[in-house]
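A.B. asks: Supplied in structure tokens, the structure appears directly below.
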Amino acid sequence: MSEQTQFDDRPWLDPEAEPFIQVSGVTKRFGTFTAVDNVDLQIYQGELFCMLGGSGCGKTTLLRMLAGFDNPTSGSIYIDGADMTDVPPYERPVNMMFQSYALFPHMTVEQNVAYGLKRDGVDKQEILQRVEEMLKMVELSQFAKRKPHQLSGGQRQRVALARALVKRPKALLLDEPLGALDKRLRAQTQYELMNIQDQLGVTFVVVTHDQEEAMILSTRIAVMDAGKFAQIGTPTEIYESPETRFVANFIGSANMFEGRITEDSADHVVVRSSDPACEFYIDHGVSIKEGSKVWVAVRPEKIRVSVSAPENAAANQLSGTVRDVGYLGNTSTYRVQVADGQIVEVTHPNQSRPRGGKHAVDWDDVVHLSWEPSSAVVLTE
Amino acid sequence: MSSILSAYAAQLQHRAQSGWRSIVVFVPYIWLFVFFLAPFLIVLKISLAESLIASPPFSPLFEWTEEGVLTLQLVFDNYSYLWEDDLYVKTYLNSIKISTISTMLCLILGYPIAYAIVRSSPTTKNILLMMIILPFWTSFLLRVYAWMGLLADQGTINSFLVWLGVIDAPIRMMYSEFAVYVGIVYTYVPFMILPLYANMEKLDITLHEAAADLGARPVTTFLTITLPLTSPGILAGSLLVFIPATGEFVIPDLLGGGNVLMIGRVLYNEFNSNHDWPVAAAVAIVLLFVLVIPMMIYQHVQSRESEG
């Protein structure tokens, strides 16, 4: 495998690659409130990069600084190798798709899409052609003469996308691109967005609060909390190897056990917790001093549940009483009380139909939980 | 609780159906009839009469001849007189000129003010709006007299400039078109600002950002986004200034004196000095039509906009 193809879809791993967007030590304060706190970020050509976080975490502020609507209080932003400090929005090589779409209400769909090209002084014939092409791509050709208020939410979203993409920007910034759509439309549009991105090879920087959206869309996700990045990584890294308790809880859900390291070697680590009394054997080393306080996170779907007791006691086992059953059809979620005040959530696929109207695991059953040594993650903060 | 409410609602509905609704709707019609249509018809009637030295000083519309036949007498001389004596045509045109220029001045002055108010913080916004409305709390006449004090040869402005040494002799400002413009613009600029403010308040700031993002410089954004989207406010404000300014009497009379011909003054002279009620009435009727035309254009534009 050549160097080239090795990093083709993972440019962030290539030490030689030049980042397309380079954010260095950027801080943004509004009065006494620090919205973005000394962040560094590299986004590479062709990425679909998601900034994910709750409201007020600074993700939108960071996006607005990339677009040029806000200026950093300190730090620098480079886009395509050029310092953006004094570059106004209308001279930046990026375009933005607004959360509210911000379509011009007095213009038709066609005029909205043509607006950016007219500003660039593209000749009339070419404008016509490019607008037509773009409307065809987003499947809005027959709505070209309509005004925004005559369109549905999904159609407006596509006009906004066409308007931002028609200028062939090197990067497209998307602020909650699917936020205003209903659930069904959102699922469909997610894949459309990915296809378009793939087709055009444009770098997408997406801001969202929806973790599912981020997981499906992204090449990489940056989880933001209180103006800082909690973790940046691929969806798999973020989900399977969260670095902090915040990330583990923010993406999906996780059962958290507090304990101390009793054994730490190169290929495994053992953590003992007292309440519930349990030994966690994790098959990868973490190189943390023995005796230090850590948290062990186990995802609900990685826990096996069984009504029969295991043959011999070992690590990675717990037992408790089912307090709640959430039947979702394809899966069931059990809330199992394993100790005073500690509830473990377990998601279990319903592989067989309930026999005689009775589920395999029900309220107040005593159940035994177990998981693989590879399933748990040790967290220090 | 809900049954009481629904019973009450049903009762209300019943009452509304049995006449209340039609009465409520009828009140404005009565109002319009008594205070607009009836006076208009009376003025129209007088404008079609002949001037007499009598009381009332015009001929009756219907008259019984000696044979006992009811005759209708319509005199159109007053209208042809308005056309033949070029004083009236000139005065109408001059009124329109003055109110057009005043409207444009109000727009040039009011637009940035309205924009600044919309863009300021909520507290400042309220203070600024208050300052726009505050002059209405004092008498209009008093404010015009205050301008006389400011603009007079020995008035505040001239005295100040002489004291500064900028000028040797007072500049003549009173009794000129300049003074009339100052008076009209000062008086009517709030009527421009308020509708513009109401319109701009609805303007979405992200549209400006979107335009900038698509490569529009601030001037282009203003011309292609802000201006078209505030045109309803511009139109409403312009009409609110143009219509009363055209028929304005007090300002041209007090600040313009005999040097500025405006239709309000001519009407006043016909009525009070010449005691020619029919000509005064004809002047008023023609003025009404002059003002109805821009109103109709406005309505037409509005209905077209709400369609498309």
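Residues in the structure tokens are numbered from 1 in each chain, the chains being A, B, ... in the order shown, and ligands are numbered from 1 in the order shown.
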Quick one: which chain A residues come within 6 Å of chain B, and what is the nearest atom pair for each with the distance in Å to one decimal, counting only C-alpha atoms, rows ordered by chain and ascending number, as a tab-separated table?
C.D. replies:
residue	atom	partner	partner_atom	distance
A:Pro89	CA	B:Asp213	CA	5.3
A:Tyr90	CA	B:Gly215	CA	3.9
A:Asn95	CA	B:Asp213	CA	5.9
A:Ala102	CA	B:Leu207	CA	5.2
A:Gly116	CA	B:Leu214	CA	4.6
A:Arg119	CA	B:Gly215	CA	5.7
A.B. asks: Quick one: residues within 12 Å of Leu62 (chain A), only C-alpha atoms counted, chain neighbours fewer than 3 positions away excluded, as a ChimeraX atom specification?
C.D. replies: /A:23-29,34-41,50-53,56-59,65-73,75-77,173-175,205-207,222,224,227-229
A.B. asks: Quote the spacing between CA of Asn249 (chain A) and CA of Ala214 (chain A) in Å to one decimal place.
C.D. replies: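 One can read the CA of Asn249 (chain A) to CA of Ala214 (chain A) distance as 15.1 Å.
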A.B. asks: Need the shell around region 238-246 of chain A: protein/DNA/RNA residues with any atom at most 10 Å away, counting only C-alpha atoms. Skip same-chain ones fewer than 3 positions apart. Format as a ChimeraX atom specification?
C.D. replies: /A:215,220-225,230-235,249-254,256,295-299,375-381
A.B. asks: Next, write the just-selected residues to a file, as a compact mmCIF listing (two decimals), in the first residue's frame, keeping N, CA, C and O atoms as the atom set.
C.D. replies:
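Output saved as again13.txt:
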# COMPACT_ATOMS: atom_id res chain seq x y z
N MET A 215 -22.52 11.26 14.28
CA MET A 215 -21.96 9.91 14.10
C MET A 215 -22.12 9.45 12.66
O MET A 215 -21.21 8.88 12.07
N ARG A 220 -14.58 12.98 11.07
CA ARG A 220 -14.12 13.17 12.45
C ARG A 220 -15.11 14.03 13.21
O ARG A 220 -15.78 14.89 12.63
N ILE A 221 -15.14 13.83 14.50
CA ILE A 221 -16.02 14.61 15.37
C ILE A 221 -15.17 15.33 16.40
O ILE A 221 -14.21 14.74 16.93
N ALA A 222 -15.50 16.58 16.66
CA ALA A 222 -14.90 17.28 17.79
C ALA A 222 -15.99 17.49 18.81
O ALA A 222 -16.97 18.18 18.54
N VAL A 223 -15.86 16.88 19.97
CA VAL A 223 -16.86 17.07 21.02
C VAL A 223 -16.45 18.30 21.82
O VAL A 223 -15.32 18.39 22.31
N MET A 224 -17.38 19.27 21.91
CA MET A 224 -17.05 20.51 22.60
C MET A 224 -17.80 20.62 23.91
O MET A 224 -18.95 20.20 24.02
N ASP A 225 -17.10 21.21 24.88
CA ASP A 225 -17.72 21.44 26.18
C ASP A 225 -17.10 22.70 26.77
O ASP A 225 -15.88 22.80 26.86
N ALA A 230 -13.41 18.56 24.06
CA ALA A 230 -13.22 17.47 25.02
C ALA A 230 -12.47 16.33 24.35
O ALA A 230 -11.65 15.67 24.98
N GLN A 231 -12.75 16.11 23.06
CA GLN A 231 -12.05 15.06 22.32
C GLN A 231 -12.29 15.24 20.83
O GLN A 231 -13.38 15.65 20.41
N ILE A 232 -11.26 14.97 20.04
CA ILE A 232 -11.41 15.01 18.58
C ILE A 232 -11.03 13.64 18.05
O ILE A 232 -9.97 13.12 18.40
N GLY A 233 -11.88 13.02 17.25
CA GLY A 233 -11.55 11.71 16.71
C GLY A 233 -12.61 11.22 15.74
O GLY A 233 -13.63 11.88 15.54
N THR A 234 -12.37 10.05 15.17
CA THR A 234 -13.38 9.47 14.28
C THR A 234 -14.57 9.04 15.13
O THR A 234 -14.43 8.88 16.35
N PRO A 235 -15.73 8.84 14.50
CA PRO A 235 -16.89 8.39 15.29
C PRO A 235 -16.58 7.14 16.11
O PRO A 235 -16.99 7.04 17.26
N ASN A 249 -20.41 10.01 28.31
CA ASN A 249 -21.82 10.22 28.60
C ASN A 249 -22.53 11.00 27.52
O ASN A 249 -23.73 10.87 27.33
N PHE A 250 -21.77 11.88 26.81
CA PHE A 250 -22.41 12.73 25.82
C PHE A 250 -22.77 11.93 24.57
O PHE A 250 -23.84 12.10 24.00
N ILE A 251 -21.87 11.04 24.15
CA ILE A 251 -22.14 10.22 22.97
C ILE A 251 -22.66 8.89 23.47
O ILE A 251 -21.94 8.13 24.09
N GLY A 252 -23.90 8.62 23.18
CA GLY A 252 -24.50 7.39 23.67
C GLY A 252 -24.61 7.45 25.19
O GLY A 252 -24.47 8.50 25.79
N SER A 253 -24.84 6.30 25.82
CA SER A 253 -24.83 6.32 27.28
C SER A 253 -23.80 5.30 27.75
O SER A 253 -23.40 4.42 27.01
N ALA A 254 -23.36 5.49 28.98
CA ALA A 254 -22.32 4.60 29.52
C ALA A 254 -22.59 4.36 30.98
O ALA A 254 -23.06 5.24 31.69
N MET A 256 -21.00 3.92 34.50
CA MET A 256 -19.74 4.43 35.04
C MET A 256 -19.52 3.80 36.42
O MET A 256 -20.41 3.83 37.27
N TRP A 295 -12.26 5.77 36.62
CA TRP A 295 -13.63 5.34 36.32
C TRP A 295 -13.59 4.31 35.21
O TRP A 295 -12.78 4.41 34.29
N VAL A 296 -14.44 3.32 35.31
CA VAL A 296 -14.56 2.34 34.24
C VAL A 296 -15.92 2.54 33.58
O VAL A 296 -16.94 2.61 34.26
N ALA A 297 -15.89 2.70 32.26
CA ALA A 297 -17.13 2.90 31.52
C ALA A 297 -17.44 1.67 30.69
O ALA A 297 -16.56 1.13 30.02
N VAL A 298 -18.69 1.21 30.79
CA VAL A 298 -19.11 0.07 29.97
C VAL A 298 -20.42 0.47 29.28
O VAL A 298 -21.36 0.91 29.93
N ARG A 299 -20.44 0.34 27.94
CA ARG A 299 -21.64 0.69 27.17
C ARG A 299 -22.75 -0.32 27.43
O ARG A 299 -22.48 -1.53 27.55
N SER A 375 -14.38 -4.74 26.38
CA SER A 375 -15.53 -3.83 26.29
C SER A 375 -15.41 -2.60 27.17
O SER A 375 -15.97 -1.55 26.84
N ALA A 376 -14.72 -2.71 28.28
CA ALA A 376 -14.69 -1.59 29.22
C ALA A 376 -13.57 -0.61 28.88
O ALA A 376 -12.59 -0.98 28.24
N VAL A 377 -13.74 0.62 29.28
CA VAL A 377 -12.75 1.66 29.04
C VAL A 377 -12.40 2.31 30.37
O VAL A 377 -13.29 2.55 31.19
N VAL A 378 -11.10 2.55 30.59
CA VAL A 378 -10.67 3.21 31.83
C VAL A 378 -10.54 4.71 31.59
O VAL A 378 -9.92 5.14 30.63
N LEU A 379 -11.16 5.50 32.43
CA LEU A 379 -11.13 6.96 32.29
C LEU A 379 -10.53 7.57 33.54
O LEU A 379 -10.78 7.11 34.65
N THR A 380 -9.72 8.60 33.35
CA THR A 380 -9.11 9.23 34.51
C THR A 380 -9.74 10.56 34.86
O THR A 380 -9.54 11.09 35.95
N GLU A 381 -10.46 11.19 33.93
CA GLU A 381 -11.08 12.48 34.26
C GLU A 381 -12.51 12.57 33.76
O GLU A 381 -12.91 11.83 32.89
A.B. asks: Among region 108-262 of chain B, which residues carry a DSSP assignment of helix (DSSP H, G or I), reported as a compact mmCIF listing (two decimals) with C-alpha atoms, in the first residue's frame?
C.D. replies:
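The resulting file, part.txt, is reproduced below:
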# COMPACT_ATOMS: atom_id res chain seq x y z
CA ILE B 108 -32.74 60.63 3.80
CA LEU B 109 -32.82 61.79 7.42
CA GLY B 110 -35.22 59.19 8.80
CA TYR B 111 -33.80 56.03 7.21
CA PRO B 112 -30.43 56.04 9.01
CA ILE B 113 -32.14 57.11 12.23
CA ALA B 114 -34.62 54.22 12.05
CA TYR B 115 -31.77 51.83 11.21
CA ALA B 116 -29.69 53.04 14.13
CA ILE B 117 -32.65 52.64 16.51
CA VAL B 118 -33.30 49.07 15.34
CA ARG B 119 -29.64 48.16 15.78
CA PRO B 122 -33.21 47.31 23.96
CA THR B 123 -32.76 50.01 26.62
CA THR B 124 -31.29 52.57 24.25
CA LYS B 125 -33.96 51.62 21.72
CA ASN B 126 -36.76 52.61 24.09
CA ILE B 127 -35.07 55.89 24.97
CA LEU B 128 -34.53 56.77 21.31
CA LEU B 129 -38.11 55.88 20.37
CA MET B 130 -39.32 58.01 23.27
CA MET B 131 -37.28 60.92 21.95
CA ILE B 132 -38.92 60.54 18.54
CA ILE B 133 -42.41 60.56 20.05
CA LEU B 134 -41.78 63.15 22.77
CA PRO B 135 -42.28 66.30 20.60
CA PHE B 136 -45.89 65.22 20.02
CA TRP B 137 -46.57 65.92 23.67
CA PHE B 140 -47.71 71.55 17.19
CA LEU B 141 -48.36 75.31 16.91
CA LEU B 142 -45.96 75.98 19.77
CA ARG B 143 -43.23 74.05 18.01
CA VAL B 144 -43.74 76.03 14.79
CA TYR B 145 -43.55 79.28 16.79
CA ALA B 146 -40.34 77.98 18.34
CA TRP B 147 -38.90 77.60 14.84
CA MET B 148 -39.91 81.20 14.11
CA GLY B 149 -37.87 82.20 17.13
CA LEU B 150 -34.93 80.17 15.88
CA LEU B 151 -35.00 81.27 12.24
CA THR B 156 -31.31 82.44 18.03
CA ILE B 157 -29.39 81.04 15.05
CA ASN B 158 -28.55 84.42 13.51
CA SER B 159 -27.60 85.95 16.86
CA PHE B 160 -25.33 83.01 17.58
CA LEU B 161 -23.62 83.19 14.18
CA VAL B 162 -23.11 86.94 14.49
CA TRP B 163 -21.71 86.47 17.99
CA LEU B 164 -19.33 83.82 16.64
CA GLU B 177 -39.13 78.04 1.08
CA PHE B 178 -36.13 77.08 3.19
CA ALA B 179 -38.05 77.84 6.38
CA VAL B 180 -41.02 75.84 5.07
CA TYR B 181 -38.77 72.85 4.36
CA VAL B 182 -37.27 73.08 7.83
CA GLY B 183 -40.73 73.22 9.36
CA ILE B 184 -42.19 70.36 7.34
CA VAL B 185 -39.19 68.06 7.69
CA TYR B 186 -38.97 68.75 11.43
CA THR B 187 -42.68 68.10 11.93
CA TYR B 188 -43.08 65.05 9.73
CA VAL B 189 -39.82 63.13 10.13
CA PRO B 190 -41.28 61.00 12.99
CA PHE B 191 -44.00 59.81 10.59
CA MET B 192 -41.20 58.56 8.36
CA ILE B 193 -39.13 57.03 11.15
CA LEU B 194 -41.88 55.06 12.89
CA PRO B 195 -43.11 52.97 9.92
CA LEU B 196 -39.51 52.44 8.82
CA TYR B 197 -38.63 51.30 12.33
CA ALA B 198 -41.59 48.90 12.42
CA ASN B 199 -40.50 47.49 9.07
CA MET B 200 -36.80 47.20 9.87
CA GLU B 201 -37.49 45.56 13.21
CA ILE B 205 -29.90 40.20 10.50
CA THR B 206 -28.76 36.80 9.27
CA LEU B 207 -29.85 37.87 5.78
CA HIS B 208 -27.09 40.49 5.88
CA GLU B 209 -24.63 37.85 7.02
CA ALA B 210 -25.79 35.51 4.26
CA ALA B 211 -25.27 38.24 1.66
CA ALA B 212 -21.81 39.03 3.02
CA ASP B 213 -21.00 35.33 3.05
CA PRO B 218 -21.74 46.23 2.61
CA VAL B 219 -22.98 48.67 -0.08
CA THR B 220 -24.17 45.81 -2.31
CA THR B 221 -25.87 44.16 0.67
CA PHE B 222 -27.69 47.41 1.36
CA LEU B 223 -28.81 47.86 -2.25
CA THR B 224 -29.80 44.24 -2.93
CA ILE B 225 -31.13 43.10 0.45
CA THR B 226 -31.87 45.90 2.91
CA LEU B 227 -33.41 48.39 0.50
CA PRO B 228 -35.83 45.99 -1.26
CA LEU B 229 -36.91 44.47 2.04
CA THR B 230 -37.55 47.86 3.64
CA SER B 231 -39.43 49.25 0.63
CA PRO B 232 -42.85 48.71 2.28
CA GLY B 233 -41.66 50.87 5.19
CA ILE B 234 -40.26 53.50 2.82
CA LEU B 235 -43.55 53.61 0.93
CA ALA B 236 -45.71 53.80 4.08
CA GLY B 237 -43.50 56.50 5.64
CA SER B 238 -43.40 58.51 2.42
CA LEU B 239 -47.18 58.53 2.13
CA LEU B 240 -47.57 59.52 5.79
CA VAL B 241 -45.30 62.50 5.09
CA PHE B 242 -46.36 63.38 1.56
CA ILE B 243 -50.13 63.47 2.06
CA PRO B 244 -50.36 65.81 5.06
CA ALA B 245 -47.41 67.90 3.83
CA THR B 246 -49.17 68.64 0.53
CA VAL B 250 -49.92 76.24 9.36
CA ILE B 251 -46.24 75.74 8.40
CA PRO B 252 -46.32 77.61 5.05
CA ASP B 253 -48.48 80.32 6.60
CA LEU B 254 -46.29 80.96 9.65
CA LEU B 255 -42.83 80.16 8.27
CA GLY B 256 -43.34 80.89 4.55
CA GLY B 257 -45.53 83.94 4.82
CA GLY B 258 -46.69 85.37 1.49
CA ASN B 259 -43.59 84.15 -0.33
A.B. asks: Would you pick out the contacts of region 54-68 of chain B at 12 Å or less, using only C-alpha atoms, so that residues sharing its chain but fewer than 2 positions from it are not included, and give the list as a PyMOL selection string?
C.D. replies: chain B and resi 41-52+70-75+78+271-272+274-281
A.B. asks: For the structure I just gave you, how does DSSP split region 4-62 of chain A - specifically, which residues are strand (DSSP E or B)? Reply as a PyMOL selection string.
C.D. replies: chain A and resi 21-30+33-43+48-52
A.B. asks: Taking only C-alpha atoms into account, which of A:Tyr281, A:Leu217, A:Val322, A:Ile343 comes nearest Asn255 (chain A)?
C.D. replies: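 Closest candidate: A:Ile343.
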A.B. asks: Return the single residue from A:Gln342, A:Gln197, A:Thr108, A:Ser218 that is closest to Pro148 (chain A), with distances computed using only C-alpha atoms.
C.D. replies: A:Thr108
A.B. asks: If we count only C-alpha atoms, what is near Ala180 (chain A) at a cut-off of 10 Å, once residues fewer than 3 positions away on the same chain are taken out, given as a list in words?
C.D. replies: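 The neighbour list is Gln99, Ser100, Tyr101, Gly153, Gly154, Gln157, Glu176, Pro177, Lys183, Leu185 and Arg186 of chain A.
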A.B. asks: In Å to one decimal, how far is CA of Val346 (chain A) from CA of Glu301 (chain A)?
C.D. replies: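 Interatomic distance, CA of Glu301 (chain A) to CA of Val346 (chain A): 6.0 Å.
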A.B. asks: Would you list the contacts of Gly264 (chain B) as a ChimeraX atom specification, taking every protein, DNA or RNA residue within 8 Å and counting only C-alpha atoms, but skipping same-chain residues closer than 6 positions in sequence?
C.D. replies: /B:246-249
A.B. asks: How about saving the chosen residues, C-alpha atoms kept, as a PDB file, in the first residue's frame?
C.D. replies:
ATOM      1  CA  THR B 246     -49.166  68.643   0.530  1.00  0.00           C
ATOM      2  CA  GLY B 247     -52.197  70.115   2.235  1.00  0.00           C
ATOM      3  CA  GLU B 248     -50.201  71.735   5.043  1.00  0.00           C
ATOM      4  CA  PHE B 249     -51.447  75.187   6.039  1.00  0.00           C
TER       5      PHE B 249
END
